[in-house]
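Engineer: Take a look at this one; I'll ask things after.
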Amino acid sequence: MDSSADCTLTRCSPDFLANKPSLAGNAVFIALFAILVPLALGLGVRYKTSVFATTISTGLALEVLGYVGRILLYNNPTSRPDFILFLVGTILGSNFICGAIFLVIPHIVAVYGDDFGSWRPVWYQFLLHGLTVVSAVLELGGVLVSVMQDSGGGANTGVHVLATGIAIQLVALAIFIGHAMLLAITIRVRIHRLETKFDWIYNSVSFKAFLLAFSFATILLTIRTAFRIIAIAEGYESSIAQSETLLLVLDGLMVLLAILALLVFFPGRILGSSWSQTSAPKPSRTVPLRTQVPAYELPSARNTPTYKQMGNAPPIVMYTPRRTHYAEPLPQRNMVDSDSLW
């Protein structure tokens with residue numbers, strides 16, 4: 001207890017930031033990200049895309065917390081909780097935004113036609129969202145281990161785990177971009193086989209602008225993810241990781257521009273009613289009741305005119321030599337008398 005009491009923050013924890021962070025620069029990103037949170041939620045309610053809007057808002061809220069932690073490091077650069085808050089917010093926030101982007105591509109494929117998708121939507125969501133979850137778990141674990149460990153070996157292990165988690169997120173983005181490029185090539189080659197159900201969407205100018213904004217946001221997030229891999233892999237004390245200019249431009253600005261592109265060309269507004277129509281149907285938990293179909297009765301032939309006519313006709317008597325109780329039929333008379341001819 002005495003040794004822990006004598007240990008000051010300066011001696012027990014390293015200086016995570018070599019230079020004091022810019023209060024103005026970080027405050028601007030906090031304000032902008034905080035303003036966009038209710039805007040994203042409002043758009044989600046307005047256009048009935050609650051899952052997409054909630055995912056974007058969660059990413060924005062994490063970005064706010066991350067830059068709040070960076071400002072807290074201004075007065076106390078050795079604070080482990082503040083540095084963890086900074087890393088978790090700025091790293092995991094991008095994961096949620098990438099996850100929101102992954103939610104949109106199945107709707108885009110369905111607008112052109114399900115036959116244009118190289119994968120089934122279930123496998124697509126399982127792979128990309130699975131990689132995103134694995135990436136988030138590794139990033140969170142890497143941050144905690146690298147910051148809380150005092151020994152060099154344990155801290156380096158945490159840094160490597162953190163870099164691996166961010167690299168997995170970059171792999172998910174690469175798979176996403178490859179799938180989007182393959183979709184674009186397929187549509188261009190088989191443009192004559194496009195479904196006409198949603199032709200009013202993919203032929204509109206707003207949808208084409210949305211695709212450009214969507215691609216722009218994906219490229220920005222890819223640049224940001226690649227930068228964080230390089231910065232983390234070099235260690236927290238490297239010049240790249242300590243450069244606030246690179247952080248604000250290649251991380252904060254990239255994320256901000258990507259979110260603005262997604263909110264200006266909000267998928268729910270561009271896709272309209274097709275968003276709900278192209279969503280995966282939810283399985284029903286209720287067992288449908290079995291309805292008994294009444295048996296079909298054939299109409300009776302007794303009331304038909306043909307049946308009545310047959311009923312009034314005399315019975316047909318068949319002559320059989322073996323049965324003597326039948327009356328012998330009368331002999332047929334010729335139409336011409338043979339005796340008169342002679």
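By order in the structure tokens, chains are A, B, ...; within a chain, residues start at 1; ligands start at 1, following the order shown.
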Compile the contact shell of A:Asp82 as a PyMOL selection string: residues with an atom at most 6 Å away, counting only C-alpha atoms, same-chain residues fewer than 3 positions apart removed.

Structural biologist: chain A and resi 69+79+85

Engineer: Can you pull out the residues contacting A:Val161? Cut-off 10 Å, using only C-alpha atoms, and skip same-chain residues under 5 positions away; I want them as a VMD selection string.

Structural biologist: chain A and resid 135 137 to 143 145 to 146 155 to 156 166 to 167 233

Engineer: To one decimal place in Å, what is the distance between atom CA of A:Ile84 and atom CA of A:Ile223?

Structural biologist: 22.8 Å

Engineer: Do you have the atom CA of A:Ile97-atom CA of A:Val255 distance handy?

Structural biologist: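 Distance between the two atoms: 8.5 Å.
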
Engineer: Neighbours of A:Arg224 within 10 Å (only C-alpha atoms; same-chain residues fewer than 3 positions away dropped), as a list of chain:residue names?

Structural biologist: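 So, after excluding close chain neighbours, the residues are A:Ile91, A:Ser94, A:Leu170, A:Thr218, A:Ile219, A:Leu220, A:Leu221, A:Phe227, A:Arg228, A:Ile229, A:Leu247, A:Val249, A:Leu250, A:Asp251, A:Gly252, A:Leu253, A:Met254, A:Val255.
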
Engineer: For each of A:Phe176, A:Tyr112, A:Tyr236, A:Phe216, take the minimum atom-to-atom distance to A:Tyr124, counting only C-alpha atoms, then give the residue where this is smallest.

Structural biologist: A:Phe176

Engineer: Which residue, A:Gly165, A:Pro77, A:Gly44, A:Gly93, has the smallest gap to A:Val134 when you use only C-alpha atoms?

Structural biologist: A:Gly165
